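Peer 1: Sharing start.txt below, compact mmCIF, C-alpha atoms:
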```
# COMPACT_ATOMS: atom_id res chain seq x y z
CA MET A 1 0.00 0.00 0.00
CA ALA A 2 2.85 2.29 0.89
CA LYS A 3 4.45 1.65 -2.49
CA GLN A 4 1.24 2.51 -4.30
CA ALA A 5 0.92 5.76 -2.38
CA LYS A 6 4.54 6.61 -3.18
CA ARG A 7 3.99 6.01 -6.88
CA GLU A 8 0.87 8.19 -6.81
CA ARG A 9 2.83 11.03 -5.18
CA GLN A 10 5.55 10.71 -7.83
CA ARG A 11 2.94 10.79 -10.59
CA LEU A 12 1.34 13.87 -9.10
CA ASN A 13 4.74 15.55 -8.79
CA ARG A 14 5.55 14.78 -12.42
CA GLU A 15 2.16 16.15 -13.49
CA ALA A 16 2.71 19.32 -11.44
CA ARG A 17 6.17 19.82 -13.01
CA ARG A 18 4.72 19.27 -16.48
CA GLN A 19 1.93 21.80 -15.85
CA ALA A 20 4.49 24.29 -14.52
CA GLU A 21 6.66 23.82 -17.62
CA LEU A 22 3.63 24.28 -19.89
CA ALA A 23 2.66 27.45 -18.03
CA ALA A 24 6.23 28.78 -18.32
CA THR A 25 6.26 28.02 -22.04
CA ARG A 26 2.97 29.89 -22.50
CA ARG A 27 4.36 32.89 -20.62
CA ARG A 28 7.48 32.94 -22.79
CA LYS A 29 5.35 32.84 -25.97
CA GLN A 30 3.14 35.65 -24.67
CA MET A 31 6.21 37.77 -23.86
CA ARG A 32 7.68 37.20 -27.35
CA THR A 33 4.35 38.10 -28.97
CA GLY A 34 4.12 41.25 -26.85
CA ARG A 35 7.67 42.29 -27.81
CA ASN A 36 6.95 41.71 -31.51
CA ILE A 37 3.77 43.75 -31.35
CA ALA A 38 5.60 46.56 -29.56
CA ILE A 39 8.39 46.56 -32.17
CA LEU A 40 5.85 46.79 -34.97
CA ALA A 41 3.80 49.44 -33.17
CA VAL A 42 6.65 51.90 -32.58
CA PRO A 43 7.20 52.88 -36.25
CA LEU A 44 3.44 53.02 -36.79
CA ILE A 45 3.09 55.42 -33.85
CA VAL A 46 5.93 57.57 -35.20
CA VAL A 47 4.30 57.73 -38.65
CA PHE A 48 0.96 58.62 -37.05
CA ILE A 49 2.54 61.47 -35.06
CA ILE A 50 4.26 62.85 -38.17
CA LEU A 51 1.03 62.74 -40.18
CA GLN A 52 -0.88 64.42 -37.38
CA THR A 53 1.75 67.13 -37.07
CA ARG A 54 1.69 67.84 -40.78
CA SER A 55 -2.08 67.87 -41.00
CA SER A 56 -2.25 70.37 -38.13
CA GLY A 57 0.12 72.74 -39.91
CA GLY A 58 3.08 72.10 -37.61
CA GLY A 59 5.26 70.43 -40.22
CA SER A 60 7.46 72.00 -42.86
CA GLU A 61 6.02 70.42 -46.01
CA PRO A 62 5.47 73.10 -48.68
CA GLN A 63 1.88 74.06 -49.41
CA ARG A 64 1.53 75.41 -52.94
CA LYS A 65 -2.17 75.53 -53.75
CA PHE A 66 -4.75 77.83 -52.19
CA SER A 67 -8.36 78.64 -53.00
CA LYS A 68 -8.23 82.34 -52.08
CA PRO A 69 -5.83 85.12 -51.05
CA PRO A 70 -4.83 85.32 -47.39
CA ALA A 71 -6.60 87.54 -44.87
CA LEU A 72 -4.54 90.45 -43.56
CA ALA A 73 -2.73 89.13 -40.49
CA LEU A 74 0.30 91.39 -39.96
CA LYS A 75 0.93 92.63 -36.43
CA PRO A 76 0.83 96.40 -35.88
CA ALA A 77 4.06 98.25 -35.03
CA THR A 78 6.11 95.31 -36.30
CA VAL A 79 8.96 95.24 -38.80
CA TYR A 80 9.01 92.19 -41.06
CA SER A 81 12.00 90.89 -42.96
CA ALA A 82 12.52 87.79 -45.07
CA SER A 83 15.70 85.74 -45.23
CA LEU A 84 16.02 83.91 -48.56
CA ASP A 85 18.50 81.08 -48.18
CA THR A 86 19.55 80.33 -51.77
CA SER A 87 22.08 77.98 -53.30
CA GLU A 88 24.21 81.06 -54.08
CA GLY A 89 23.97 82.68 -50.64
CA LYS A 90 21.56 84.53 -48.38
CA ILE A 91 19.42 87.51 -49.42
CA ILE A 92 17.73 89.61 -46.73
CA VAL A 93 14.63 91.54 -47.81
CA THR A 94 13.06 94.22 -45.62
CA LEU A 95 9.32 94.05 -46.26
CA ASP A 96 7.45 97.34 -46.66
CA ALA A 97 4.66 96.45 -44.25
CA ALA A 98 3.99 100.09 -43.37
CA ASN A 99 3.30 101.32 -46.91
CA ALA A 100 2.30 98.03 -48.55
CA PRO A 101 0.57 95.91 -45.89
CA ASN A 102 -1.41 93.76 -48.32
CA SER A 103 1.69 93.05 -50.37
CA ALA A 104 3.89 92.25 -47.37
CA ASN A 105 1.11 90.12 -45.90
CA ASN A 106 0.91 88.03 -49.09
CA PHE A 107 4.65 87.35 -49.03
CA VAL A 108 4.64 86.51 -45.31
CA PHE A 109 1.70 84.14 -45.78
CA LEU A 110 3.34 82.22 -48.63
CA ALA A 111 6.72 82.07 -46.90
CA ARG A 112 5.19 80.70 -43.70
CA LYS A 113 3.38 78.04 -45.68
CA HIS A 114 6.85 77.07 -47.02
CA PHE A 115 5.56 77.83 -50.52
CA TYR A 116 8.97 79.04 -51.73
CA ASP A 117 11.07 76.26 -50.19
CA GLY A 118 12.76 74.31 -52.97
CA LEU A 119 11.66 76.60 -55.82
CA THR A 120 14.12 78.28 -58.19
CA PHE A 121 14.98 81.61 -59.71
CA HIS A 122 13.63 80.60 -63.09
CA ARG A 123 14.40 83.86 -64.90
CA VAL A 124 17.49 86.07 -65.02
CA ALA A 125 17.53 89.25 -67.12
CA LYS A 126 20.98 90.73 -67.63
CA ASP A 127 21.52 94.11 -65.94
CA PHE A 128 17.90 94.09 -64.81
CA VAL A 129 16.21 91.53 -62.53
CA ILE A 130 16.21 88.02 -61.13
CA GLN A 131 12.77 86.38 -60.83
CA GLY A 132 11.54 83.42 -58.78
CA GLY A 133 8.57 82.02 -56.89
CA ASP A 134 7.00 79.91 -59.64
CA PRO A 135 6.11 76.33 -58.62
CA LYS A 136 6.10 75.32 -62.29
CA GLY A 137 9.51 76.86 -62.91
CA ASP A 138 8.62 78.26 -66.32
CA GLY A 139 6.99 81.61 -65.51
CA SER A 140 3.40 80.37 -65.72
CA GLY A 141 2.76 79.09 -62.19
CA GLY A 142 1.22 80.61 -59.09
CA PRO A 143 -0.47 79.88 -55.75
CA GLY A 144 -3.97 79.34 -57.17
CA TYR A 145 -5.12 82.91 -56.66
CA LYS A 146 -4.39 86.49 -57.67
CA THR A 147 -4.73 89.45 -55.35
CA GLN A 148 -4.40 93.21 -55.55
CA VAL A 149 -1.62 94.88 -53.61
CA GLU A 150 0.01 98.29 -53.31
CA THR A 151 2.28 99.76 -55.99
CA PRO A 152 5.15 102.02 -54.87
CA ALA A 153 4.73 105.74 -54.30
CA ASN A 154 8.18 106.59 -55.65
CA GLY A 155 8.91 103.89 -58.20
CA TYR A 156 11.59 101.21 -58.23
CA GLN A 157 15.33 101.25 -57.72
CA VAL A 158 18.25 98.86 -57.38
CA GLY A 159 17.35 96.42 -54.63
CA SER A 160 13.59 96.81 -55.02
CA VAL A 161 11.61 93.59 -54.60
CA ALA A 162 8.22 93.48 -56.34
CA TRP A 163 5.56 91.13 -57.63
CA ALA A 164 5.76 89.90 -61.20
CA LYS A 165 2.54 89.83 -63.22
CA GLY A 166 1.21 89.12 -66.68
CA GLY A 167 1.01 91.94 -69.19
CA GLN A 168 -2.80 91.81 -69.22
CA ASP A 169 -3.15 91.85 -65.44
CA PRO A 170 -4.16 95.12 -63.74
CA ALA A 171 -1.52 97.19 -61.97
CA GLY A 172 -0.73 95.79 -58.53
CA THR A 173 -1.69 92.19 -59.34
CA ALA A 174 0.19 89.66 -57.20
CA GLY A 175 0.41 85.89 -57.03
CA SER A 176 3.63 84.23 -55.87
CA GLN A 177 6.25 85.23 -58.46
CA PHE A 178 8.53 88.10 -57.47
CA PHE A 179 11.59 89.86 -58.86
CA ILE A 180 14.60 91.68 -57.42
CA VAL A 181 16.10 94.64 -59.30
CA THR A 182 19.85 93.97 -59.51
CA SER A 183 21.25 96.81 -61.62
CA PRO A 184 20.73 100.40 -62.67
CA ALA A 185 19.48 101.02 -66.20
CA SER A 186 22.04 99.84 -68.75
CA ALA A 187 20.72 102.52 -71.14
CA PRO A 188 18.07 105.25 -70.85
CA GLY A 189 14.57 103.78 -70.96
CA GLN A 190 15.77 100.24 -70.34
CA GLY A 191 15.86 98.02 -67.23
CA VAL A 192 14.73 99.81 -64.11
CA ASP A 193 13.95 102.92 -66.19
CA PHE A 194 11.34 100.84 -68.01
CA LEU A 195 9.78 99.83 -64.68
CA ASN A 196 9.58 103.46 -63.63
CA GLN A 197 7.16 104.49 -66.34
CA GLN A 198 3.98 105.69 -64.66
CA PRO A 199 1.51 104.49 -63.66
CA TYR A 200 3.63 101.99 -61.76
CA GLN A 201 2.55 98.44 -62.54
CA PHE A 202 4.19 96.08 -60.08
CA GLY A 203 3.19 95.64 -56.45
CA ILE A 204 6.05 96.55 -54.13
CA ILE A 205 7.12 93.98 -51.52
CA GLY A 206 10.18 95.64 -50.01
CA ALA A 207 13.87 96.07 -50.68
CA VAL A 208 17.27 94.48 -50.40
CA THR A 209 19.18 97.12 -48.46
CA ASP A 210 22.46 95.54 -47.32
CA GLN A 211 25.39 95.21 -49.68
CA GLN A 212 26.10 91.55 -48.95
CA SER A 213 22.55 90.53 -49.92
CA LEU A 214 22.69 92.71 -53.04
CA ASP A 215 25.97 91.05 -53.99
CA VAL A 216 24.26 87.63 -53.82
CA ALA A 217 21.40 88.89 -56.00
CA ARG A 218 23.91 90.24 -58.52
CA LYS A 219 25.81 86.95 -58.42
CA ILE A 220 22.60 85.26 -59.52
CA GLY A 221 22.05 88.02 -62.06
CA ALA A 222 25.43 87.22 -63.60
CA LEU A 223 24.03 83.82 -64.61
CA ALA A 224 21.91 85.32 -67.40
CA PRO A 225 21.76 83.07 -70.50
CA PRO A 226 23.48 84.10 -73.77
CA SER A 227 20.20 85.62 -74.97
CA GLY A 228 20.32 87.99 -72.01
CA ASP A 229 16.93 87.02 -70.58
CA GLY A 230 15.67 83.59 -69.59
CA LYS A 231 16.57 80.50 -67.60
CA PRO A 232 19.86 81.01 -65.73
CA ALA A 233 22.96 79.21 -66.96
CA LYS A 234 23.12 77.45 -63.60
CA LYS A 235 20.21 76.22 -61.47
CA VAL A 236 19.62 78.52 -58.51
CA THR A 237 17.44 77.11 -55.72
CA ILE A 238 15.60 78.89 -52.93
CA LYS A 239 16.28 76.45 -50.11
CA LYS A 240 13.92 78.15 -47.69
CA VAL A 241 12.47 81.54 -46.77
CA THR A 242 12.36 82.57 -43.10
CA ILE A 243 10.23 85.46 -41.85
CA VAL A 244 11.66 87.50 -38.98
CA GLU A 245 9.62 89.90 -36.85
CA SER A 246 11.04 92.76 -34.78
CA ALA A 247 9.58 95.70 -32.89
CA GLU A 248 9.15 98.89 -34.87
CA PRO A 249 11.74 101.49 -33.78
CA THR A 250 10.27 104.25 -31.65
CA LEU A 251 11.40 107.87 -31.50
CA PRO A 252 13.08 109.06 -28.30
CA SER A 253 10.80 110.91 -25.90
CA GLY A 254 10.36 114.51 -26.99
CA ALA A 255 11.72 113.94 -30.50
CA PRO A 256 9.70 115.49 -33.34
CA SER A 257 7.71 113.02 -35.47
CA ALA A 258 8.88 114.74 -38.69
CA PRO A 259 11.72 117.10 -39.68
CA PRO A 260 10.97 120.79 -38.98
CA GLY A 261 9.29 122.54 -41.88
CA SER A 262 8.03 119.31 -43.45
```
Give the structure from the file, written as structure tokens.

Peer 2:
Amino acid sequence: MAKQAKRERQRLNREARRQAELAATRRRKQMRTGRNIAILAVPLIVVFIILQTRSSGGGSEPQRKFSKPPALALKPATVYSASLDTSEGKIIVTLDAANAPNSANNFVFLARKHFYDGLTFHRVAKDFVIQGGDPKGDGSGGPGYKTQVETPANGYQVGSVAWAKGGQDPAGTAGSQFFIVTSPASAPGQGVDFLNQQPYQFGIIGAVTDQQSLDVARKIGALAPPSGDGKPAKKVTIKKVTIVESAEPTLPSGAPSAPPGS
């Protein structure tokens, strides 16, 4: 009887060990499955976060198609400038937000939507202008809308930045294409002299005022094709455009707001 009881205990012990081993095996399988799911889930979560960020406007993907012009959103008493990081160097443009708020607002809007990032200067006219901002790269593209902006009060000069437009468009028409005046008139009535025939036709954006930026614009201008006007001899890319805001300078206390006798 004692032997039978002993054998039964041994059988029960073996069964208990077998059940414990089976349970351990199941736990190991569950852990491996959990790890595999976690490994697969991580990249999916990352992709989801990126897509959510882009859809909420927080990403940096260029947006190049719009159904209507932007609403005026410039801050009062604020100076706006644009830094154009090109493949030939950096060009700083001071935007004329005070005298041309609609024009400056259009440029700020497009720049902040990364519209210009990756586009080219598709046209170079010798001793005249460099022109960019066309998503098609052939002079026919735009943002999907046209808007009316301010033309200059005193014309154009070397360093002026203005909106390009079609010959049939009304004065002050703006889309996304812009030009920078690089040189004085090569001959009377040509180049910038041609632009300065009244009534002024091209919406003013601002001006390149520092010499280093003007040198970069002229470096691009030197890439004019043999015909003198057209696609540059070397591809020039606008890597990105960054808008910078700063407080408008204020006059010292007690200073006159305009020169005496004005």

Peer 1: Which of these residues is nearest to A:Gln201, using only C-alpha atoms: A:Thr182, A:Trp163, A:Asn105, A:Arg218?

Peer 2: A:Trp163

Peer 1: Report, in Å to a single decimal, how far apart atom CA of A:Lys240 and atom CA of A:Thr120 are.

Peer 2: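 Separation between atom CA of A:Thr120 and atom CA of A:Lys240: 10.5 Å.
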
Peer 1: Counting all atoms listed in the file, what is within 8 Å of A:Ser176, bar same-chain residues fewer than 5 positions away, as a list in words?

Peer 2: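 Listing them by chain and then by number gives Phe107, Leu110, Gly133, Asp134, Gly142, Pro143 and Trp163 of chain A.
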
Peer 1: Mind giving me the straight-line distance from atom CA of A:Val192 to atom CA of A:Gly206 in Å, one decimal?

Peer 2: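 Atom CA of A:Gly206 lies 15.4 Å from atom CA of A:Val192.
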
Peer 1: In terms of the shortest atom-to-atom distance over all atoms listed in the file, which of A:Pro62, A:Pro101, A:Pro226, A:Gly172 is closest to A:Tyr80?

Peer 2: A:Pro101

Peer 1: Between A:Gln197, A:Gln190, A:Gln131, A:Asn99, which one has atoms that come closest to A:Glu150, using only C-alpha atoms?

Peer 2: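 Closest to A:Glu150, using only C-alpha atoms: A:Asn99.
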
Peer 1: Report, as AutoDock Vina command-line options, the axis-aligned box around all atoms of stretch 135-153 of chain A present in the file, extended by 5 Å on each side; give centre and edge lengths in Å to one decimal place.

Peer 2:
```
--center_x 2.2 --center_y 90.5 --center_z -59.8 --size_x 24.6 --size_y 40.4 --size_z 23.0
```

Peer 1: If we count all atoms listed in the file, what is near A:Ala125 at a cut-off of 12 Å, once residues fewer than 3 positions away on the same chain are taken out, given as number ranges by chain?

Peer 2: A: 121-122, 128-132, 179-183, 185-186, 190-192, 217-218, 220-233

Peer 1: N, CA and C atoms are needed for stretch 1-23 of chain A; please write them out as an mmCIF file, in the frame of the given file.

Peer 2:
```cif
data_model
loop_
_atom_site.group_PDB
_atom_site.id
_atom_site.type_symbol
_atom_site.label_atom_id
_atom_site.label_comp_id
_atom_site.auth_asym_id
_atom_site.auth_seq_id
_atom_site.Cartn_x
_atom_site.Cartn_y
_atom_site.Cartn_z
ATOM 1 N N MET A 1 0.820 -1.195 0.000
ATOM 2 C CA MET A 1 0.000 0.000 0.000
ATOM 3 C C MET A 1 0.846 1.234 0.000
ATOM 4 N N ALA A 2 1.938 1.152 0.796
ATOM 5 C CA ALA A 2 2.850 2.290 0.890
ATOM 6 C C ALA A 2 3.499 2.562 -0.461
ATOM 7 N N LYS A 3 3.837 1.476 -1.165
ATOM 8 C CA LYS A 3 4.450 1.650 -2.490
ATOM 9 C C LYS A 3 3.487 2.307 -3.462
ATOM 10 N N GLN A 4 2.242 1.927 -3.404
ATOM 11 C CA GLN A 4 1.240 2.510 -4.300
ATOM 12 C C GLN A 4 1.067 3.994 -4.022
ATOM 13 N N ALA A 5 1.053 4.351 -2.751
ATOM 14 C CA ALA A 5 0.920 5.760 -2.380
ATOM 15 C C ALA A 5 2.142 6.561 -2.858
ATOM 16 N N LYS A 6 3.310 5.942 -2.737
ATOM 17 C CA LYS A 6 4.540 6.610 -3.180
ATOM 18 C C LYS A 6 4.498 6.864 -4.666
ATOM 19 N N ARG A 7 4.059 5.838 -5.428
ATOM 20 C CA ARG A 7 3.990 6.010 -6.880
ATOM 21 C C ARG A 7 2.995 7.100 -7.261
ATOM 22 N N GLU A 8 1.877 7.165 -6.517
ATOM 23 C CA GLU A 8 0.870 8.190 -6.810
ATOM 24 C C GLU A 8 1.442 9.597 -6.583
ATOM 25 N N ARG A 9 2.211 9.732 -5.458
ATOM 26 C CA ARG A 9 2.830 11.030 -5.180
ATOM 27 C C ARG A 9 3.797 11.412 -6.281
ATOM 28 N N GLN A 10 4.594 10.428 -6.751
ATOM 29 C CA GLN A 10 5.550 10.710 -7.830
ATOM 30 C C GLN A 10 4.830 11.126 -9.103
ATOM 31 N N ARG A 11 3.713 10.431 -9.391
ATOM 32 C CA ARG A 11 2.940 10.790 -10.590
ATOM 33 C C ARG A 11 2.399 12.205 -10.484
ATOM 34 N N LEU A 12 1.885 12.538 -9.311
ATOM 35 C CA LEU A 12 1.340 13.870 -9.100
ATOM 36 C C LEU A 12 2.434 14.950 -9.214
ATOM 37 N N ASN A 13 3.614 14.604 -8.691
ATOM 38 C CA ASN A 13 4.740 15.550 -8.790
ATOM 39 C C ASN A 13 5.144 15.772 -10.233
ATOM 40 N N ARG A 14 5.204 14.659 -11.006
ATOM 41 C CA ARG A 14 5.550 14.780 -12.420
ATOM 42 C C ARG A 14 4.521 15.631 -13.153
ATOM 43 N N GLU A 15 3.231 15.382 -12.848
ATOM 44 C CA GLU A 15 2.160 16.150 -13.490
ATOM 45 C C GLU A 15 2.259 17.634 -13.140
ATOM 46 N N ALA A 16 2.584 17.917 -11.876
ATOM 47 C CA ALA A 16 2.710 19.320 -11.440
ATOM 48 C C ALA A 16 3.872 20.003 -12.171
ATOM 49 N N ARG A 17 5.020 19.248 -12.298
ATOM 50 C CA ARG A 17 6.170 19.820 -13.010
ATOM 51 C C ARG A 17 5.820 20.080 -14.466
ATOM 52 N N ARG A 18 5.096 19.113 -15.074
ATOM 53 C CA ARG A 18 4.720 19.270 -16.480
ATOM 54 C C ARG A 18 3.805 20.481 -16.672
ATOM 55 N N GLN A 19 2.834 20.649 -15.755
ATOM 56 C CA GLN A 19 1.930 21.800 -15.850
ATOM 57 C C GLN A 19 2.701 23.111 -15.659
ATOM 58 N N ALA A 20 3.684 23.085 -14.751
ATOM 59 C CA ALA A 20 4.490 24.290 -14.520
ATOM 60 C C ALA A 20 5.319 24.641 -15.754
ATOM 61 N N GLU A 21 5.877 23.585 -16.396
ATOM 62 C CA GLU A 21 6.660 23.820 -17.620
ATOM 63 C C GLU A 21 5.782 24.359 -18.734
ATOM 64 N N LEU A 22 4.557 23.792 -18.867
ATOM 65 C CA LEU A 22 3.630 24.280 -19.890
ATOM 66 C C LEU A 22 3.256 25.740 -19.644
ATOM 67 N N ALA A 23 3.020 26.068 -18.362
ATOM 68 C CA ALA A 23 2.660 27.450 -18.030
ATOM 69 C C ALA A 23 3.823 28.397 -18.342
#
```
